[in-house]
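Below: the structure, in C-alpha cells.
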Amino acid sequence: MFDTLTDSFKNAIGKIRFHDDEKALKKALGELKKSLLKSDVHHKVVKELISIVELETKTKGIGKDNFLKSIRNELTRVLTVQGNQGFVFASKPPTVVLMMGLQGSGKTTTTGKLAYFLKEQKKKKVLVIAGDLQRLAAVEQLRQITTQIDVTLVADENKTPQEIVKEGLKKANNELYDVVLIDTAGRLAIDEELMEELKSIKDLAQPDELFYVADAMTGQDAVRTATTFKEKIGITGVVLSKFDGDSKGGVALGLSGQVGVPLRFIGSGEKMPDLDQFIPERIVSRLMGQGDLESLAEKTSAVIDEKEAKHLTRKIKKGQFNFNDFLNQMEQMKKIGSMKSMLGMIPGMSGMAKQLENIDLDNSSEVKAINAMISSMTPKERENPDLLNNTRKRRIAAGAGMGQVQVNRIMKQFKSAAKMAKRLSGKNGMKQMQDIMSQMNGGGIPR
C-alpha cells in the first residue's frame with residue numbers, strides 16, 4: 001500500500017553505515033527529501049520533516065538506529081491530529097455518519113466498504129440511507145452493494161433526500177440499529193446547491209461523524225477540496241479512496257496536518273473488505289516496512305472462528321486436510337481482503353506483497369479451475385481425496401471441462417500443500433516458516 005514511500009525510507013536509512021558520519025546523513029536526507037517530493041508529499045511537510053529528523057539525529061548521535069527512530073517519531077507526529085481514530089461509536093446508538101465527497105471520488109463504494117467493516121469486524125447492525133439522488137444509477141449501485149454484503153438499505157427515488165433521511169433515521173431508532181451511514185450527493189465541483197443540500201441533511205440528521213471521502217489519485221487537490229468542505233460543512237474525518245491506484249501515496253502523509261482533521265480510513269483495493277483503519281502508529285510501522293500485526297489480527301479474528309481454527313489445526317497435524325477445508329479457507333481469505341494488503345501487514349513481507357498484487361481469489365484462472373474441479377466431486381470425494389483414482393479423475397475432469405493432466409497437476413499441488421502445512425504445524429514449524437520466508441525474500445523472489 002505504501003510501496004514507493006517505504007522504499008524511500010529504506011534507501012535513506014541504508015545510506016547511514018557508520019556512526020558520526022555527517023556526510024552520509026546529509027546524503028540520506030537529500031535523497032529522502034527528493035523521494036518524498038516525488039511521492040506527492042506537500043513541500044511544507046517535507047521541509048519540516050527533514051529539518052526535525054536532521055536535528056534529532058544529530059542531537060542523539062548520528063547512526064542508523066537514531067536516524068530510524070527520528071524518522072518514526074516525526075512520521076507519527078505528522079500523522080497524528082486531534083480527533084477520533086478509526087471508528088468511534090456514539091454513547092447512545094445509533095451512531096449516525098454523514099458521507100460526503102465530490103462525484104467520482106468513490107463515496108458510494110466507500111459507504112459500502114464502511115458498512116461491511118462495521119458488520120463483519122465490529123459485529124454491528126448497520127443501516128444505509130441512499131441520499132444521493134443526483135447521479136444516475138447511484139441508488140441502484142448502493143442497492144447492489146448492500147445486497148452483496150447483506151446490509152439494510154433505505155431508498156426511494158421518488159422522495160427528496162431529506163424525506164429519505166428522515167424515514168431511515170426513524171427506522172434505525174425503531175429497529176435498534178447500531179450505525180446509520182448516509183450516502184449524499186456529490187458534484188463534479190463544489191457548488192452552492194451541493195453545500196445547501198448537505199447543510200439541510202446535516203441539520204436534519206445531527207450526525208455524530210462527518211466523513212469526507214477524498215480520491216487519493218487527485219493528489220494535492222484532495223487536500224484543497226477537503227479543506228473547503230471543512231470550512232463550509234464541517235468534517236470530523238477523511239477517508240482516502242482509491243489509494244491502491246495511487247502509485248505515489250504521499251498525499252496520505254500531509255493530508256491530516258494540512259486539513260487539520262484526522263485521516264480515518266484508507267481504501268486499499270477494489271473489494272468490500274479492502275478498507276483499512278488509519279491509526280498513525282500502525283501506519284508508521286507499515287511505512288517503515290515493519291508490518292502491522294495488530295490490524296491483521298483484528299481482521300482475521302473477525303472472520304475466523306476460534307473453534308473452527310483449532311479443529312482445522314488438528315486436522316492439518318493429522319494430515320486430514322481435505323477439499324471442503326480448502327473451500328472454507330478460501331471463503332475466509334476473501335473476507336479478510338486483498339492478498340497484497342494482507343501480506344503488507346506482515347513484517348518483512350512487503351517485498352513479497354508486490355509480487356502478489358494482481359492475485360484475485362475470485363477471478364484468477366487457477367482458483368476458478370480448482371473450484372470447478374471441486375464442484376465436480378461427490379461429497380465423499382471432497383472429504384477424502386485418497387478416493388480419487390483414475391476413473392474418478394476422468395469423470396471430474398469431464399464435469400469441470402478440464403483435461404485429466406490438469407486435474408492431476410492440481411491434485412499433486414494440493415497434496416504437496418497439505419504435506420507442507422502438516423510439516424509447518426509441527427514443533428519447529430515457525431522456524432521452518434521463517435527460513436522459507438527469508439529464502440523467498442532473498443534469492444527466490446526478485447525485488
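Naming works like this for the C-alpha cells: A, B, ... for the chains as they're shown, residue 1 at the start of each chain, ligands 1 onward in shown order.
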Cut-off 8 Å: closest range 140-213 of chain A/range 231-240 of chain A atom pairs per residue, using only C-alpha atoms, as a tab-separated table:
```
residue	atom	partner	partner_atom	distance
A:Met195	CA	A:Ile233	CA	7.2
A:Leu198	CA	A:Ile233	CA	7.4
A:Lys199	CA	A:Ile233	CA	6.5
A:Glu209	CA	A:Thr236	CA	5.8
A:Leu210	CA	A:Ile235	CA	5.0
A:Phe211	CA	A:Gly237	CA	4.9
A:Tyr212	CA	A:Val238	CA	4.8
A:Val213	CA	A:Val239	CA	4.7
```
For this session: For range 84-91 of chain A, list every protein, DNA or RNA residue within 7 Å, evaluated using only C-alpha atoms, and leave out those in the same chain fewer than 2 positions away; present the list as a list in words.
Result: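 Near range 84-91 of chain A, the qualifying residues are Pro93, Thr95, Asp208, Pro262, Arg264, Phe265, Gln277, Phe278 and Ile279 of chain A.
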Write the residues of the preceding selection, restricted to N, CA and C atoms, as a compact mmCIF listing (two decimals), in the first residue's frame.
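Contents of the output file selection-v2.txt:
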```txt
# COMPACT_ATOMS: atom_id res chain seq x y z
N PRO A 93 -26.66 4.60 20.77
CA PRO A 93 -26.90 4.26 19.37
C PRO A 93 -28.24 4.81 18.86
N THR A 95 -25.11 5.33 15.94
CA THR A 95 -24.07 6.28 15.54
C THR A 95 -24.40 6.69 14.11
N ASP A 208 -23.16 12.13 14.16
CA ASP A 208 -22.06 12.05 15.13
C ASP A 208 -20.72 12.24 14.42
N PRO A 262 -8.29 14.35 11.33
CA PRO A 262 -7.65 13.03 11.23
C PRO A 262 -8.09 12.22 10.01
N ARG A 264 -9.12 8.82 8.72
CA ARG A 264 -9.74 7.74 9.49
C ARG A 264 -9.64 6.37 8.85
N PHE A 265 -9.77 6.35 7.51
CA PHE A 265 -9.70 5.08 6.78
C PHE A 265 -9.02 5.30 5.44
N GLN A 277 -8.31 0.81 8.69
CA GLN A 277 -8.33 1.92 9.65
C GLN A 277 -6.98 2.64 9.59
N PHE A 278 -7.03 3.96 9.65
CA PHE A 278 -5.79 4.74 9.63
C PHE A 278 -5.45 5.15 11.06
N ILE A 279 -4.63 4.32 11.70
CA ILE A 279 -4.18 4.60 13.07
C ILE A 279 -2.69 4.91 12.98
```
Exercise. Rounded to one decimal in Å, what is the spacing between CA of Gly269 in chain A and CA of Phe243 in chain A?
Worked result: 7.5 Å
Exercise. Skipping near chain neighbours, those fewer than 6 positions away, what residues fall within 9 Å of Glu281 in chain A using only C-alpha atoms, listed as JSON, numbers by chain?
Worked result: {"A": [72, 75, 76, 79, 80]}
Show me, as a Markdown table, the residues of range 71-141 of chain A having an atom within 10 Å of range 46-65 of chain A, each with the closest atom pair and its distance in Å, using only C-alpha atoms.
```
| residue | atom | partner | partner_atom | distance |
| --- | --- | --- | --- | --- |
| A:Ile71 | CA | A:Val53 | CA | 5.9 |
| A:Arg72 | CA | A:Val53 | CA | 9.2 |
| A:Asn73 | CA | A:Val53 | CA | 8.6 |
| A:Glu74 | CA | A:Leu49 | CA | 6.4 |
| A:Leu75 | CA | A:Leu49 | CA | 7.7 |
| A:Arg77 | CA | A:Leu49 | CA | 9.5 |
| A:Val78 | CA | A:Leu49 | CA | 8.0 |
```
What would the file look like if the residues just selected were written as a short mmCIF file (atom, residue, chain, number, x, y, z; two decimals), in the first residue's frame with C-alpha atoms?
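Written output follows (out13.cif):
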```cif
data_model
loop_
_atom_site.label_atom_id
_atom_site.label_comp_id
_atom_site.auth_asym_id
_atom_site.auth_seq_id
_atom_site.Cartn_x
_atom_site.Cartn_y
_atom_site.Cartn_z
CA ILE A 71 12.00 9.24 11.21
CA ARG A 72 9.48 7.09 13.11
CA ASN A 73 8.88 9.80 15.74
CA GLU A 74 8.45 12.54 13.16
CA LEU A 75 6.14 10.48 10.93
CA ARG A 77 3.80 13.35 14.85
CA VAL A 78 2.91 14.37 11.26
#
```
Exercise. Between CA of Asn322 in chain A and CA of Glu383 in chain A, what is the distance, to one decimal in Å?
Worked result: 5.6 Å
Exercise. Leaving out Lys113 in chain A and any residue of its chain fewer than 3 positions from it, which residues lie within 10 Å of it when counting only C-alpha atoms, given as number ranges by chain?
Worked result: A: 107-110, 116-119, 145-146, 149, 267, 270-276
For this session: Would you mind telling me which residue in A:Leu136, A:Val81, A:Val41, A:Val407 lies nearest to Val223 in chain A when using only C-alpha atoms?
Result: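 The closest residue to Val223 in chain A is A:Val41.
Distances from A:Gly250, A:Pro161, A:Pro280, A:Pro94 to Leu176 in chain A were compared using only C-alpha atoms, and the smallest one belongs to A:Pro94.
Between CA of Gln162 in chain A and CA of Ile190 in chain A the interatomic distance comes to 19.9 Å.
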